[in-house]
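S.K.: Structure file coords11.csv (CSV, C-alpha atoms) is given on the next line.
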chain,number,residue,atom,x,y,z
Q,18,MET,CA,-30.7,-27.1,12.8
Q,19,ASN,CA,-28.4,-30.1,12.8
Q,20,ASP,CA,-28.2,-30.0,9.0
Q,21,THR,CA,-26.5,-26.6,8.9
Q,22,ASP,CA,-24.2,-27.5,11.8
Q,23,ARG,CA,-22.4,-30.0,9.6
Q,24,GLN,CA,-21.9,-27.4,6.8
Q,25,PRO,CA,-18.8,-25.3,6.8
Q,26,ASP,CA,-19.2,-21.9,8.5
Q,27,ILE,CA,-18.9,-19.5,5.6
Q,28,ALA,CA,-19.1,-16.4,7.8
Q,29,ALA,CA,-16.3,-17.2,10.3
Q,30,HIS,CA,-13.1,-15.2,9.7
Q,31,HIS,CA,-10.7,-17.1,7.6
Q,32,GLU,CA,-7.3,-15.4,7.6
Q,33,ALA,CA,-5.9,-17.2,4.5
Q,34,SER,CA,-8.9,-16.5,2.4
Q,35,TRP,CA,-9.1,-12.9,3.5
Q,36,ARG,CA,-5.4,-12.4,2.5
Q,37,GLU,CA,-6.1,-14.2,-0.8
Q,38,GLY,CA,-9.0,-11.8,-1.6
Q,39,ILE,CA,-6.7,-8.8,-0.9
Q,40,ARG,CA,-4.0,-10.3,-3.1
Q,41,VAL,CA,-6.3,-11.0,-6.0
Q,42,GLY,CA,-8.0,-7.6,-5.8
Q,43,MET,CA,-4.8,-5.6,-5.3
Q,44,PRO,CA,-3.9,-5.1,-9.0
Q,45,THR,CA,-7.3,-3.6,-9.7
Q,46,LEU,CA,-7.1,-0.9,-7.1
Q,47,PHE,CA,-5.0,1.5,-9.1
Q,48,GLY,CA,-7.6,1.4,-12.0
Q,49,ILE,CA,-10.5,1.7,-9.5
Q,50,ALA,CA,-8.9,4.7,-7.8
Q,51,ALA,CA,-8.3,6.4,-11.1
Q,52,TRP,CA,-11.9,5.9,-12.0
Q,53,GLY,CA,-12.9,7.4,-8.7
Q,54,VAL,CA,-10.9,10.5,-9.4
Q,55,VAL,CA,-12.7,10.9,-12.7
Q,56,VAL,CA,-16.1,10.7,-11.0
Q,57,GLY,CA,-15.0,13.0,-8.2
Q,58,VAL,CA,-13.8,15.6,-10.6
Q,59,ALA,CA,-17.1,15.3,-12.7
Q,60,MET,CA,-19.2,15.9,-9.6
Q,61,ILE,CA,-17.4,19.1,-8.8
Q,62,LYS,CA,-17.3,20.3,-12.4
Q,63,SER,CA,-21.1,19.7,-12.7
Q,64,GLY,CA,-21.7,22.2,-9.9
Q,65,LEU,CA,-22.2,20.1,-6.8
Q,66,THR,CA,-20.7,21.6,-3.6
Q,67,VAL,CA,-18.0,19.8,-1.8
Q,68,PRO,CA,-20.3,18.4,1.0
Q,69,GLN,CA,-22.9,17.3,-1.6
Q,70,ALA,CA,-20.2,15.6,-3.7
Q,71,LEU,CA,-18.8,13.9,-0.6
Q,72,GLY,CA,-22.3,12.8,0.4
Q,73,MET,CA,-23.0,11.4,-3.0
Q,74,THR,CA,-19.8,9.3,-3.3
Q,75,LEU,CA,-20.2,7.9,0.3
Q,76,LEU,CA,-23.9,7.2,0.0
Q,77,VAL,CA,-24.5,6.2,-3.6
Q,78,PHE,CA,-21.2,4.3,-4.5
Q,79,ALA,CA,-22.2,3.6,-8.1
Q,80,GLY,CA,-19.9,5.5,-10.5
Q,81,SER,CA,-21.9,5.1,-13.7
Q,82,ALA,CA,-25.2,6.0,-12.0
Q,83,GLN,CA,-23.5,9.0,-10.5
Q,84,LEU,CA,-22.2,10.2,-13.8
Q,85,ALA,CA,-25.6,9.7,-15.5
Q,86,SER,CA,-27.4,11.7,-12.8
Q,87,LEU,CA,-25.1,14.7,-12.9
Q,88,PRO,CA,-26.4,16.3,-16.1
Q,89,LEU,CA,-30.0,15.6,-14.9
Q,90,ILE,CA,-29.3,17.3,-11.6
Q,91,ALA,CA,-27.7,20.3,-13.4
Q,92,ALA,CA,-30.8,20.5,-15.6
Q,93,ALA,CA,-33.1,20.3,-12.5
Q,94,ALA,CA,-34.9,17.2,-13.8
Q,95,PRO,CA,-37.6,15.7,-11.5
Q,96,ILE,CA,-36.2,13.6,-8.8
Q,97,TRP,CA,-38.2,10.5,-9.9
Q,98,VAL,CA,-36.7,10.7,-13.3
Q,99,ILE,CA,-33.2,10.7,-11.8
Q,100,PHE,CA,-34.2,7.8,-9.6
Q,101,ALA,CA,-35.5,5.8,-12.5
Q,102,THR,CA,-32.4,6.6,-14.6
Q,103,ALA,CA,-30.2,5.3,-11.8
Q,104,LEU,CA,-32.3,2.1,-11.5
Q,105,VAL,CA,-31.8,1.5,-15.3
Q,106,VAL,CA,-28.1,2.3,-15.3
Q,107,ASN,CA,-27.7,-0.1,-12.4
Q,108,LEU,CA,-29.7,-2.9,-13.9
Q,109,ARG,CA,-26.6,-5.1,-14.6
Q,110,PHE,CA,-26.1,-5.2,-10.8
Q,111,LEU,CA,-29.5,-7.0,-10.5
Q,112,ILE,CA,-27.9,-9.8,-12.6
Q,113,PHE,CA,-24.8,-9.7,-10.5
Q,114,SER,CA,-26.7,-9.8,-7.2
Q,115,ALA,CA,-28.7,-12.8,-8.6
Q,116,LEU,CA,-25.4,-14.6,-9.2
Q,117,LEU,CA,-23.8,-13.8,-5.9
Q,118,ALA,CA,-26.7,-13.9,-3.5
Q,119,PRO,CA,-27.1,-17.8,-3.4
Q,120,HIS,CA,-23.6,-18.1,-2.1
Q,121,PHE,CA,-24.5,-16.1,1.0
Q,122,ALA,CA,-28.2,-16.9,1.6
Q,123,SER,CA,-27.4,-18.2,5.1
Q,124,LEU,CA,-26.1,-14.9,6.4
Q,125,PRO,CA,-28.3,-12.5,8.5
Q,126,TRP,CA,-30.1,-9.9,6.3
Q,127,TYR,CA,-28.0,-6.8,7.4
Q,128,ARG,CA,-24.8,-8.6,6.4
Q,129,ARG,CA,-26.3,-9.6,3.0
Q,130,LEU,CA,-27.4,-5.9,2.6
Q,131,ALA,CA,-23.9,-4.6,3.3
Q,132,LEU,CA,-22.1,-7.1,1.2
Q,133,GLY,CA,-24.5,-6.6,-1.7
Q,134,TYR,CA,-24.3,-2.8,-1.5
Q,135,THR,CA,-20.5,-2.8,-1.9
Q,136,ALA,CA,-20.2,-5.5,-4.6
Q,137,GLY,CA,-19.2,-3.9,-7.9
Q,138,ASP,CA,-18.4,-5.1,-11.5
Q,139,LEU,CA,-14.8,-6.2,-10.9
Q,140,THR,CA,-15.2,-7.7,-7.5
Q,141,VAL,CA,-18.2,-9.8,-8.6
Q,142,ALA,CA,-16.2,-11.1,-11.6
Q,143,LEU,CA,-13.2,-11.9,-9.4
Q,144,PHE,CA,-15.3,-13.7,-6.8
Q,145,LEU,CA,-17.1,-15.9,-9.3
Q,146,GLN,CA,-13.7,-16.9,-10.9
Q,147,ARG,CA,-12.5,-18.1,-7.5
Q,148,TYR,CA,-15.8,-19.7,-6.4
Q,149,PRO,CA,-17.9,-20.8,-9.4
Q,150,ASP,CA,-19.8,-23.2,-7.2
Q,151,VAL,CA,-22.5,-22.0,-4.8
Q,152,ARG,CA,-21.7,-24.8,-2.3
Q,153,PRO,CA,-20.9,-23.4,1.2
Q,154,GLU,CA,-17.1,-23.3,1.7
Q,155,ALA,CA,-15.2,-22.0,4.7
Q,156,GLY,CA,-13.6,-18.6,3.9
Q,157,LYS,CA,-16.0,-17.5,1.3
Q,158,VAL,CA,-17.1,-14.4,3.2
Q,159,SER,CA,-13.5,-13.6,4.2
Q,160,PHE,CA,-12.4,-13.8,0.5
Q,161,LEU,CA,-15.2,-11.5,-0.6
Q,162,LYS,CA,-14.4,-9.0,2.1
Q,163,GLY,CA,-10.8,-9.1,1.1
Q,164,LEU,CA,-12.0,-8.0,-2.3
Q,165,LEU,CA,-14.6,-5.5,-1.3
Q,166,HIS,CA,-13.0,-3.5,1.5
Q,167,PRO,CA,-9.8,-2.4,-0.4
Q,168,ASN,CA,-12.0,-1.8,-3.5
Q,169,TRP,CA,-14.3,0.5,-1.5
Q,170,LEU,CA,-11.4,2.3,0.1
Q,171,ALA,CA,-9.6,2.8,-3.3
Q,172,TRP,CA,-12.9,4.0,-4.9
Q,173,GLN,CA,-13.7,6.5,-2.1
Q,174,GLY,CA,-10.0,7.6,-1.8
Q,175,GLY,CA,-9.9,8.3,-5.5
Q,176,SER,CA,-13.3,10.0,-5.5
Q,177,ILE,CA,-12.5,12.2,-2.6
Q,178,ALA,CA,-9.2,13.2,-4.1
Q,179,GLY,CA,-11.0,14.0,-7.3
Q,180,ILE,CA,-13.5,16.2,-5.4
Q,181,PHE,CA,-10.8,18.2,-3.8
Q,182,LEU,CA,-8.7,18.4,-7.0
Q,183,GLY,CA,-11.8,19.6,-8.7
Q,184,ASN,CA,-11.1,21.7,-11.7
Q,185,GLN,CA,-7.3,21.2,-11.7
Q,186,VAL,CA,-7.3,17.8,-13.4
Q,187,PRO,CA,-7.5,18.3,-17.2
Q,188,ALA,CA,-10.0,16.0,-18.9
Q,189,ASP,CA,-7.6,15.0,-21.7
Q,190,TRP,CA,-5.3,13.1,-19.4
Q,191,GLY,CA,-7.8,10.3,-19.8
Q,192,LEU,CA,-7.4,9.0,-16.3
Q,193,GLY,CA,-10.5,6.9,-16.7
Q,194,PHE,CA,-8.7,4.7,-19.2
Q,195,ALA,CA,-6.8,3.1,-16.3
Q,196,GLY,CA,-10.2,1.6,-15.2
Q,197,THR,CA,-10.8,0.2,-18.7
Q,198,LEU,CA,-7.3,-1.4,-18.6
Q,199,ALA,CA,-8.1,-3.0,-15.2
Q,200,ILE,CA,-11.3,-4.4,-16.7
Q,201,ILE,CA,-9.4,-5.8,-19.7
Q,202,CYS,CA,-7.0,-7.7,-17.4
Q,203,ILE,CA,-10.0,-9.3,-15.5
Q,204,LEU,CA,-11.7,-10.0,-18.8
Q,205,VAL,CA,-8.9,-11.8,-20.6
Q,206,PRO,CA,-8.7,-14.9,-18.4
Q,207,MET,CA,-12.6,-15.1,-18.4
Q,208,VAL,CA,-12.8,-15.8,-22.1
Q,209,ALA,CA,-11.0,-19.1,-21.9
Q,210,SER,CA,-13.8,-21.0,-23.6
Q,211,LYS,CA,-15.2,-20.5,-27.1
Q,212,PRO,CA,-18.8,-19.7,-26.0
Q,213,ALA,CA,-17.4,-17.1,-23.5
Q,214,LEU,CA,-15.2,-15.5,-26.2
Q,215,CYS,CA,-18.1,-15.3,-28.7
Q,216,GLY,CA,-20.4,-13.8,-26.0
Q,217,VAL,CA,-17.8,-11.2,-25.0
Q,218,LEU,CA,-17.1,-10.1,-28.6
Q,219,VAL,CA,-20.8,-9.8,-29.4
Q,220,ALA,CA,-21.5,-7.9,-26.2
Q,221,GLY,CA,-18.7,-5.5,-27.0
Q,222,VAL,CA,-19.9,-4.8,-30.5
Q,223,VAL,CA,-23.6,-4.5,-29.4
Q,224,ALA,CA,-22.5,-2.0,-26.7
Q,225,VAL,CA,-20.8,0.1,-29.3
Q,226,LEU,CA,-23.7,0.0,-31.7
Q,227,ALA,CA,-26.3,0.7,-29.0
Q,228,ALA,CA,-24.3,3.3,-27.2
Q,229,GLY,CA,-26.7,6.0,-28.3
Q,230,MET,CA,-29.7,4.4,-26.4
Q,231,PRO,CA,-31.0,6.4,-23.5
Q,232,TYR,CA,-30.3,5.5,-19.8
Q,233,LYS,CA,-27.3,3.4,-20.9
Q,234,LEU,CA,-29.8,0.7,-22.0
Q,235,GLY,CA,-27.3,-0.2,-24.6
Q,236,LEU,CA,-25.2,-1.8,-21.9
Q,237,LEU,CA,-28.0,-4.0,-20.8
Q,238,ALA,CA,-28.9,-4.9,-24.4
Q,239,ALA,CA,-25.2,-5.9,-24.9
Q,240,VAL,CA,-25.2,-8.1,-21.8
Q,241,VAL,CA,-28.4,-9.9,-22.8
Q,242,VAL,CA,-27.4,-10.4,-26.5
Q,243,GLY,CA,-23.9,-11.5,-25.4
Q,244,MET,CA,-25.3,-14.1,-22.9
Q,245,ALA,CA,-27.6,-15.4,-25.5
Q,246,THR,CA,-24.8,-15.7,-28.0
Q,247,ALA,CA,-22.6,-17.6,-25.5
Q,248,MET,CA,-25.5,-20.0,-24.8
Q,249,ALA,CA,-26.1,-20.6,-28.5
Q,250,VAL,CA,-22.4,-21.3,-29.2
Q,251,GLU,CA,-22.3,-23.6,-26.1
Q,252,GLU,CA,-25.4,-25.5,-27.4
Q,253,ILE,CA,-24.0,-26.0,-30.9
Q,254,GLY,CA,-20.7,-27.2,-29.5
Q,255,GLY,CA,-22.5,-29.6,-27.1
Q,256,ARG,CA,-24.6,-31.0,-29.9
Q,257,LYS,CA,-21.5,-31.6,-32.0
Q,258,ALA,CA,-19.8,-33.4,-29.1
Q,259,LYS,CA,-22.7,-35.7,-28.6
Q,260,ASN,CA,-22.7,-36.7,-32.3
Q,261,VAL,CA,-19.0,-37.7,-32.3
L,142,MET,CA,-32.0,22.6,-7.6
L,143,SER,CA,-32.0,23.7,-4.0
L,144,ASP,CA,-29.5,22.2,-1.6
L,145,LEU,CA,-32.4,20.2,0.0
L,146,GLU,CA,-33.6,18.9,-3.3
L,147,ILE,CA,-30.0,17.8,-4.2
L,148,TRP,CA,-29.8,15.9,-0.9
L,149,ILE,CA,-33.1,14.2,-1.5
L,150,THR,CA,-31.8,13.2,-5.0
L,151,ILE,CA,-28.7,11.8,-3.4
L,152,ILE,CA,-30.8,9.7,-1.0
L,153,ALA,CA,-33.0,8.5,-3.9
L,154,LEU,CA,-29.8,7.5,-5.8
L,155,ALA,CA,-28.6,5.6,-2.7
L,156,VAL,CA,-32.0,3.7,-2.6
L,157,ALA,CA,-31.6,2.9,-6.3
L,158,THR,CA,-28.2,1.4,-5.6
L,159,GLY,CA,-29.6,-0.6,-2.7
L,160,ILE,CA,-32.5,-2.0,-4.8
L,161,THR,CA,-30.3,-3.1,-7.7
L,162,ARG,CA,-27.2,-4.3,-5.8
L,163,SER,CA,-28.8,-5.8,-2.7
L,164,GLY,CA,-32.3,-6.7,-3.9
L,165,PHE,CA,-31.5,-10.3,-4.7
L,166,TRP,CA,-29.3,-10.7,-1.6
L,167,LEU,CA,-32.3,-9.8,0.6
L,168,VAL,CA,-35.1,-11.7,-1.1
L,169,GLY,CA,-33.3,-13.9,-3.7
L,170,HIS,CA,-33.7,-17.2,-1.7
L,171,ARG,CA,-37.5,-16.8,-2.1
L,172,VAL,CA,-37.2,-16.4,-5.9
L,173,ASN,CA,-36.6,-19.5,-7.9
L,174,ILE,CA,-34.4,-18.9,-10.9
L,175,PRO,CA,-34.9,-21.6,-13.6
L,176,PRO,CA,-31.6,-23.6,-14.2
L,177,ARG,CA,-31.6,-22.5,-17.8
L,178,VAL,CA,-31.6,-18.8,-16.9
L,179,HIS,CA,-29.0,-19.5,-14.3
L,180,GLU,CA,-26.8,-21.2,-16.8
L,181,MET,CA,-27.1,-18.2,-19.1
L,182,LEU,CA,-26.3,-15.8,-16.2
L,183,ARG,CA,-22.9,-17.3,-15.9
L,184,TYR,CA,-21.8,-15.3,-18.9
L,185,ALA,CA,-23.3,-12.0,-17.6
L,186,PRO,CA,-20.2,-10.7,-15.8
L,187,SER,CA,-17.8,-11.2,-18.7
L,188,CYS,CA,-20.4,-9.7,-21.1
L,189,ALA,CA,-21.0,-6.7,-18.9
L,190,LEU,CA,-17.3,-6.0,-18.6
L,191,ALA,CA,-17.0,-6.3,-22.4
L,192,ALA,CA,-19.9,-3.9,-22.8
L,193,ILE,CA,-18.1,-1.3,-20.6
L,194,VAL,CA,-14.8,-1.8,-22.5
L,195,GLY,CA,-16.1,-1.8,-26.1
L,196,PRO,CA,-17.5,1.7,-26.3
L,197,ASP,CA,-14.5,3.2,-24.4
L,198,LEU,CA,-12.1,1.7,-26.9
L,199,LEU,CA,-14.1,2.3,-30.1
L,200,LEU,CA,-16.1,5.5,-29.6
L,201,ASP,CA,-14.8,9.1,-29.7
L,202,PRO,CA,-15.9,10.5,-26.3
L,203,SER,CA,-16.8,13.9,-27.7
L,204,THR,CA,-18.6,12.9,-30.8
L,205,THR,CA,-19.6,9.3,-30.0
L,206,GLN,CA,-18.5,8.4,-33.5
L,207,LEU,CA,-16.9,5.1,-34.3
L,208,THR,CA,-13.1,5.5,-34.5
L,209,VAL,CA,-11.0,2.4,-35.4
L,210,LEU,CA,-7.6,4.0,-35.2
L,211,ASN,CA,-7.4,5.9,-31.9
L,212,PRO,CA,-4.9,6.0,-29.0
L,213,LYS,CA,-7.3,4.1,-26.7
L,214,LEU,CA,-7.9,1.2,-29.1
L,215,VAL,CA,-4.2,0.9,-30.0
L,216,ALA,CA,-3.2,1.0,-26.3
L,217,GLY,CA,-6.0,-1.3,-25.3
L,218,VAL,CA,-5.1,-4.0,-27.9
L,219,ALA,CA,-1.4,-3.7,-27.0
L,220,SER,CA,-2.3,-4.1,-23.4
L,221,ILE,CA,-4.2,-7.3,-24.1
L,222,GLY,CA,-1.0,-8.6,-25.7
L,223,TRP,CA,1.1,-7.4,-22.8
L,224,TYR,CA,-1.3,-9.0,-20.3
L,225,LEU,CA,-1.3,-12.4,-22.2
L,226,PHE,CA,2.5,-12.2,-22.2
L,227,ARG,CA,3.2,-11.1,-18.6
L,228,ARG,CA,0.0,-12.0,-16.7
L,229,ASN,CA,0.5,-9.0,-14.4
L,230,MET,CA,-2.3,-6.5,-14.1
L,231,LEU,CA,-0.5,-3.6,-12.5
L,232,GLU,CA,2.3,-3.8,-15.1
L,233,THR,CA,-0.4,-3.9,-17.8
L,234,ILE,CA,-2.2,-0.8,-16.5
L,235,VAL,CA,1.1,1.2,-16.2
L,236,PHE,CA,2.1,0.0,-19.7
L,237,GLY,CA,-1.3,0.8,-21.2
L,238,MET,CA,-1.4,4.3,-19.6
L,239,LEU,CA,2.1,5.2,-20.8
L,240,LEU,CA,1.4,4.0,-24.3
L,241,PHE,CA,-1.9,5.8,-24.4
L,242,THR,CA,-0.3,9.0,-23.1
L,243,ALA,CA,2.5,8.8,-25.6
L,244,LEU,CA,0.2,8.2,-28.5
L,245,ARG,CA,-2.1,11.0,-27.4
L,246,LEU,CA,0.8,13.5,-27.1
L,247,LEU,CA,2.4,12.4,-30.4
L,248,HIS,CA,-0.9,12.7,-32.2
L,249,LEU,CA,-0.1,9.6,-34.2
L,250,PHE,CA,-3.7,8.7,-34.7
Written as structure tokens, how would this file's structure read?
M.R.:
Amino acid sequence: MNDTDRQPDIAAHHEASWREGIRVGMPTLFGIAAWGVVVGVAMIKSGLTVPQALGMTLLVFAGSAQLASLPLIAAAAPIWVIFATALVVNLRFLIFSALLAPHFASLPWYRRLALGYTAGDLTVALFLQRYPDVRPEAGKVSFLKGLLHPNWLAWQGGSIAGIFLGNQVPADWGLGFAGTLAIICILVPMVASKPALCGVLVAGVVAVLAAGMPYKLGLLAAVVVGMATAMAVEEIGGRKAKNV
Amino acid sequence: MSDLEIWITIIALAVATGITRSGFWLVGHRVNIPPRVHEMLRYAPSCALAAIVGPDLLLDPSTTQLTVLNPKLVAGVASIGWYLFRRNMLETIVFGMLLFTALRLLHLF
């Protein structure tokens, strides 16, 4: 295909972009690792054996779904119930994958599978800040890998440390708060516009009010209501601009 | 659950991750998302992050009651200020954790 020949090769290794991805993601790693420790400790405390916990962190790689499944496993819930719960808890990733996938549609399926599997909340947000446009650009894959690989290592390192520390980490240290702080730092520059700020505030409030919903559905409700709010504010602002 | 059942559960969880995380990457180019929906999706990452942060700052983890004055909220708000001022994430995390730990140990709130 001559048409694609002229487009930049997004998959070729691009050293500068790779380094940039690592540099951009670096400050989040501490928070990610602390979160991993929390999930690792939770797996052991809920009664999983060390091999089971290691298998879970390496295969599942989804902190919130892991945390949600632990009480269900402890209560010996049917496997399909646990599966359905994990699907619902992970629903926001469906939105994220819809956002990121068009950037990488030209890659072979196994590379798309691997990149998608390792893309989490923070890395998606950071990637979209750097590349808001889906147009092919040299270095896109390298930048994403620079974000994803250290993120994966920090998560697994923290999680495995948590598994082996097991019962020795007191819950009231609140290590998970470091993850929240990392998210705050990513979030602050993202609310540069009025619609985004309104959407974020509404999403935060809805998440608090809907926290009691089963399967963490409150999180999804918060995302949907927040997005709708941002769009509405954008629309009102746009109409005003046209009238001036 | 038996050891085997737990391993089957772990595999099922991995499949759930694959479906939600990689689903659109594998078949997305065959699905046409209307431009209007796509415009709206731009706000999804920030809203999702806010939806994770909000309950952590405002809800008591043991009772899930709304608490306005608590160490996490105070440290979180102070950290937003620190980040706006310094624009350095690692510094902000260290600052936030130190403040949170100090407030927790002092039982000020």
S.K.: From the set Q:Ala33, Q:Val77, Q:Val41, Q:Ala115, which residue has the shortest atom-to-atom contact distance to Ile174 (chain L), counting all atoms listed in the file?
M.R.: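 Checking each of Q:Ala33, Q:Val77, Q:Val41, Q:Ala115 against Ile174 (chain L), counting all atoms listed in the file, the winner is Q:Ala115.
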S.K.: Write out as a Markdown table the residues of chain L that have any atom within 6 Å of an atom of chain Q, one row each with the nearest atom pair and its distance in Å to one decimal, counting only C-alpha atoms, sorted by chain and then rising number.
M.R.:
| residue | atom | partner | partner_atom | distance |
| --- | --- | --- | --- | --- |
| L:Met142 | CA | Q:Ala93 | CA | 5.5 |
| L:Thr150 | CA | Q:Ile96 | CA | 5.8 |
| L:Ile151 | CA | Q:Met73 | CA | 5.7 |
| L:Ala153 | CA | Q:Phe100 | CA | 5.9 |
| L:Leu154 | CA | Q:Phe100 | CA | 5.8 |
| L:Ala155 | CA | Q:Val77 | CA | 4.2 |
| L:Ala157 | CA | Q:Leu104 | CA | 5.3 |
| L:Gly159 | CA | Q:Tyr134 | CA | 5.9 |
| L:Thr161 | CA | Q:Leu111 | CA | 4.9 |
| L:Arg162 | CA | Q:Phe110 | CA | 5.2 |
| L:Ser163 | CA | Q:Gly133 | CA | 4.5 |
| L:Phe165 | CA | Q:Ala115 | CA | 5.4 |
| L:Trp166 | CA | Q:Ala118 | CA | 4.5 |
| L:Met181 | CA | Q:Met244 | CA | 5.9 |
| L:Tyr184 | CA | Q:Met244 | CA | 5.4 |
| L:Pro186 | CA | Q:Ala142 | CA | 5.8 |
| L:Cys188 | CA | Q:Val217 | CA | 4.9 |
| L:Ala189 | CA | Q:Val240 | CA | 5.3 |
| L:Ala191 | CA | Q:Gly221 | CA | 5.0 |
| L:Ala192 | CA | Q:Gly221 | CA | 4.7 |
| L:Val194 | CA | Q:Thr197 | CA | 5.9 |
| L:Gly195 | CA | Q:Gly221 | CA | 4.6 |
| L:Pro196 | CA | Q:Val225 | CA | 4.7 |
| L:Met230 | CA | Q:Pro44 | CA | 5.5 |
| L:Leu231 | CA | Q:Pro44 | CA | 5.1 |
| L:Ile234 | CA | Q:Leu198 | CA | 5.5 |
S.K.: What does the distance between CA of Pro88 (chain Q) and CA of Thr242 (chain L) come to in Å, to one decimal place?
M.R.: 28.0 Å
S.K.: Restricting the calculation to all atoms listed in the file: of L:Phe250, L:Pro176, L:Leu244, L:Ile152, which residue gets closest to Val209 (chain L)?
M.R.: L:Phe250
S.K.: What does the structure give for the distance between CA of Leu71 (chain Q) and CA of Ser176 (chain Q), in Å to one decimal?
M.R.: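 CA of Ser176 (chain Q) lies 8.3 Å from CA of Leu71 (chain Q).
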S.K.: Just the number, please: distance in Å from CA of Ala185 (chain L) to CA of Asp150 (chain Q), one decimal.
M.R.: 15.7 Å
S.K.: Can you pull out the residues contacting region 24-27 of chain Q? Cut-off 9 Å, using only C-alpha atoms, and skip same-chain residues under 6 positions away; I want them as a list in words.
M.R.: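 In the requested format, the answer is Phe121, Ser123, Leu124, Pro153, Glu154, Ala155, Gly156, Lys157, Val158 and Ser159 of chain Q.
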S.K.: I'd like the neighbourhood of Trp169 (chain Q) as a tab-separated table (two decimals) with C-alpha atoms, in the coordinates of the input, where a residue qualifies if any of its atoms comes within 9 Å (using all atoms listed in the file), though same-chain residues fewer than 2 positions away should be ignored.
M.R.:
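The resulting around28.tsv:
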chain	number	residue	atom	x	y	z
Q	49	ILE	CA	-10.50	1.70	-9.50
Q	78	PHE	CA	-21.20	4.30	-4.50
Q	135	THR	CA	-20.50	-2.80	-1.90
Q	136	ALA	CA	-20.20	-5.50	-4.60
Q	164	LEU	CA	-12.00	-8.00	-2.30
Q	165	LEU	CA	-14.60	-5.50	-1.30
Q	166	HIS	CA	-13.00	-3.50	1.50
Q	167	PRO	CA	-9.80	-2.40	-0.40
Q	171	ALA	CA	-9.60	2.80	-3.30
Q	172	TRP	CA	-12.90	4.00	-4.90
Q	173	GLN	CA	-13.70	6.50	-2.10
Q	174	GLY	CA	-10.00	7.60	-1.80
S.K.: Name the residues in contact with Asp201 (chain L) at a cut-off of 12 Å, using all atoms listed in the file, excluding same-chain residues fewer than 3 positions from it; report them as a list in words.
M.R.: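 Everything that qualifies: Val225 and Ala228 of chain Q; Gly195, Pro196, Asp197, Leu198, Thr204, Thr205, Gln206, Leu207, Thr208, Val209, Leu210, Asn211, Pro212, Lys213 and Leu214 of chain L.
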